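Colleague: Pasting a structure here, questions to come.
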Amino acid sequence: MATVELRFSAQPEHVRTARLVAAAVARRAGVDEAVLDEVRLAVGEACSRAVGLHRSHGITAPIWVVLTEEEKSFSIEVGDEVPGPGDGAGSGAEPGTRGATPGGGRDEPESEADADSEDEMGLAVISGLVDDVEVRSAADGGVIRMSWPKTPTPAVS
């Protein structure tokens, strides 16, 4: 199982690099050429979402991306360090969503609502691009895990 790991500061200009690396590693792993645009777009959305979360919460820790080639699939995990609801019972939050409760005591609740809707939009785009996607959120950060099937290699006779 081959793995490539990236870490980058929460700057929007680094998202393009993550997209390019993801597409190159996916191609090398044997992901169908027709799917590479979806890989690029999904990684771009996931990384942009993580960058936005870090910046809006003032977190300076890097975003991390792990690209893993498995026997029959290729997976990508994009992680952030923004605390989520964790397993707090009764939090009412959907898995993977972030944001304060209404009336969370901020001076600009509309900007917080805008950030939440951008977060949800990014997750919707990713879900539309990737059939196998999982979003997890915990007290130590969140992870979006996406995977694609590899193109079977023809048997050589």
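Every chain in the structure tokens has a letter given in the order shown (A, B, ...), and although residue numbers restart at 1 in each chain, ligands are simply numbered from 1 in the order shown.
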Just the residues within 9 Å of Val130 in chain A, please, counting only C-alpha atoms, with nothing from its chain fewer than 5 positions along; format it as a list in words.

Modeller: Glu38, Val39, Ala42, Val125, Met146, Ser147 and Trp148 of chain A

Colleague: Just write the chosen residues, C-alpha atoms, as a PDB file, in the first residue's frame.

Modeller:
```pdb
ATOM      1  CA  GLU A  38     -13.538  14.516 -10.345  1.00  0.00           C
ATOM      2  CA  VAL A  39     -10.537  13.722  -8.149  1.00  0.00           C
ATOM      3  CA  ALA A  42     -13.176  16.957  -4.979  1.00  0.00           C
ATOM      4  CA  VAL A 125     -20.277  19.457  -4.131  1.00  0.00           C
ATOM      5  CA  MET A 146     -12.958   9.967  -0.423  1.00  0.00           C
ATOM      6  CA  SER A 147     -12.172   6.904  -2.508  1.00  0.00           C
ATOM      7  CA  TRP A 148     -12.351   5.828  -6.113  1.00  0.00           C
TER       8      TRP A 148
END
```

Colleague: Find the residues around range 76-83 of chain A up to 6 Å (only C-alpha atoms counted), leave out those fewer than 6 positions away in its own chain, and share them as a list in words.

Modeller: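 With the cut-off at 6 Å, the set is Ala50, Ile63, Trp64, Val65, Val66, Leu67, Ala139, Asp140, Gly141, Gly142, Val143, Ile144, Arg145 and Met146 of chain A.
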
Colleague: Only N, CA and C atoms, please: the residues just picked out, written as a PDB file, in the first residue's frame.

Modeller:
```pdb
ATOM      1  N   ALA A  50     -11.239  23.068   4.208  1.00  0.00           N
ATOM      2  CA  ALA A  50     -10.347  23.000   5.362  1.00  0.00           C
ATOM      3  C   ALA A  50      -9.616  24.325   5.566  1.00  0.00           C
ATOM      4  N   ILE A  63      -3.026  22.055   7.205  1.00  0.00           N
ATOM      5  CA  ILE A  63      -4.015  21.133   6.634  1.00  0.00           C
ATOM      6  C   ILE A  63      -3.213  19.897   6.226  1.00  0.00           C
ATOM      7  N   TRP A  64      -3.785  18.727   6.354  1.00  0.00           N
ATOM      8  CA  TRP A  64      -3.067  17.536   5.909  1.00  0.00           C
ATOM      9  C   TRP A  64      -3.899  16.748   4.898  1.00  0.00           C
ATOM     10  N   VAL A  65      -3.180  16.135   3.971  1.00  0.00           N
ATOM     11  CA  VAL A  65      -3.796  15.325   2.922  1.00  0.00           C
ATOM     12  C   VAL A  65      -3.017  14.025   2.856  1.00  0.00           C
ATOM     13  N   VAL A  66      -3.728  12.898   2.893  1.00  0.00           N
ATOM     14  CA  VAL A  66      -3.093  11.584   2.778  1.00  0.00           C
ATOM     15  C   VAL A  66      -3.713  10.884   1.575  1.00  0.00           C
ATOM     16  N   LEU A  67      -2.859  10.501   0.623  1.00  0.00           N
ATOM     17  CA  LEU A  67      -3.286   9.819  -0.595  1.00  0.00           C
ATOM     18  C   LEU A  67      -2.788   8.385  -0.510  1.00  0.00           C
ATOM     19  N   ALA A 139     -13.411  16.177  18.392  1.00  0.00           N
ATOM     20  CA  ALA A 139     -12.874  17.271  19.194  1.00  0.00           C
ATOM     21  C   ALA A 139     -11.499  17.716  18.700  1.00  0.00           C
ATOM     22  N   ASP A 140     -10.747  16.821  18.050  1.00  0.00           N
ATOM     23  CA  ASP A 140      -9.405  17.185  17.583  1.00  0.00           C
ATOM     24  C   ASP A 140      -9.362  17.553  16.110  1.00  0.00           C
ATOM     25  N   GLY A 141     -10.503  17.643  15.430  1.00  0.00           N
ATOM     26  CA  GLY A 141     -10.530  18.064  14.031  1.00  0.00           C
ATOM     27  C   GLY A 141     -11.441  17.199  13.190  1.00  0.00           C
ATOM     28  N   GLY A 142     -11.460  17.507  11.912  1.00  0.00           N
ATOM     29  CA  GLY A 142     -12.337  16.791  10.996  1.00  0.00           C
ATOM     30  C   GLY A 142     -11.559  16.156   9.865  1.00  0.00           C
ATOM     31  N   VAL A 143     -12.182  15.170   9.225  1.00  0.00           N
ATOM     32  CA  VAL A 143     -11.572  14.455   8.109  1.00  0.00           C
ATOM     33  C   VAL A 143     -12.644  14.197   7.059  1.00  0.00           C
ATOM     34  N   ILE A 144     -12.291  14.447   5.811  1.00  0.00           N
ATOM     35  CA  ILE A 144     -13.120  14.016   4.687  1.00  0.00           C
ATOM     36  C   ILE A 144     -12.336  12.913   4.006  1.00  0.00           C
ATOM     37  N   ARG A 145     -12.935  11.720   3.926  1.00  0.00           N
ATOM     38  CA  ARG A 145     -12.293  10.581   3.266  1.00  0.00           C
ATOM     39  C   ARG A 145     -13.062  10.273   1.997  1.00  0.00           C
ATOM     40  N   MET A 146     -12.360  10.240   0.878  1.00  0.00           N
ATOM     41  CA  MET A 146     -12.958   9.967  -0.423  1.00  0.00           C
ATOM     42  C   MET A 146     -12.196   8.814  -1.061  1.00  0.00           C
TER      43      MET A 146
END
```

Colleague: Write out as a PDB file with N, CA, C and O atoms, in the first residue's frame each polymer residue whose atoms come within 7 Å of range 25-31 of chain A, counting only C-alpha atoms; drop sequence neighbours fewer than 5 positions from it.

Modeller:
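As written to disk, around36.pdb reads:
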```pdb
ATOM      1  N   GLU A  69      -2.849   4.403  -2.077  1.00  0.00           N
ATOM      2  CA  GLU A  69      -3.170   3.425  -3.105  1.00  0.00           C
ATOM      3  C   GLU A  69      -3.346   2.073  -2.431  1.00  0.00           C
ATOM      4  O   GLU A  69      -2.434   1.570  -1.778  1.00  0.00           O
ATOM      5  N   PHE A  74      -8.297   3.777  -4.597  1.00  0.00           N
ATOM      6  CA  PHE A  74      -7.416   4.892  -4.292  1.00  0.00           C
ATOM      7  C   PHE A  74      -8.190   5.821  -3.374  1.00  0.00           C
ATOM      8  O   PHE A  74      -9.332   6.172  -3.675  1.00  0.00           O
ATOM      9  N   PRO A 149     -12.504   3.702  -7.298  1.00  0.00           N
ATOM     10  CA  PRO A 149     -11.977   2.402  -7.717  1.00  0.00           C
ATOM     11  C   PRO A 149     -10.821   2.588  -8.683  1.00  0.00           C
ATOM     12  O   PRO A 149     -10.763   3.584  -9.428  1.00  0.00           O
ATOM     13  N   LYS A 150      -9.879   1.657  -8.656  1.00  0.00           N
ATOM     14  CA  LYS A 150      -8.784   1.661  -9.623  1.00  0.00           C
ATOM     15  C   LYS A 150      -9.238   0.918 -10.862  1.00  0.00           C
ATOM     16  O   LYS A 150     -10.076   0.023 -10.791  1.00  0.00           O
ATOM     17  N   THR A 151      -8.686   1.287 -12.000  1.00  0.00           N
ATOM     18  CA  THR A 151      -8.969   0.588 -13.247  1.00  0.00           C
ATOM     19  C   THR A 151      -8.252  -0.751 -13.182  1.00  0.00           C
ATOM     20  O   THR A 151      -7.033  -0.777 -12.953  1.00  0.00           O
TER      21      THR A 151
END
```

Colleague: Kindly give the distance, in Å, that separates CA of Ser137 in chain A and CA of Thr17 in chain A, rounded to a single decimal.

Modeller: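 Pair CA of Ser137 in chain A / CA of Thr17 in chain A returns 24.7 Å.
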
Colleague: Just how far from CA of Ile126 in chain A is CA of Ile59 in chain A, in Å to one decimal?

Modeller: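 It comes out at 23.2 Å.
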
Colleague: Rounded to one decimal place, report the CA of Arg40 in chain A-CA of Leu20 in chain A distance in Å.

Modeller: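 CA of Arg40 in chain A sits 7.0 Å away from CA of Leu20 in chain A.
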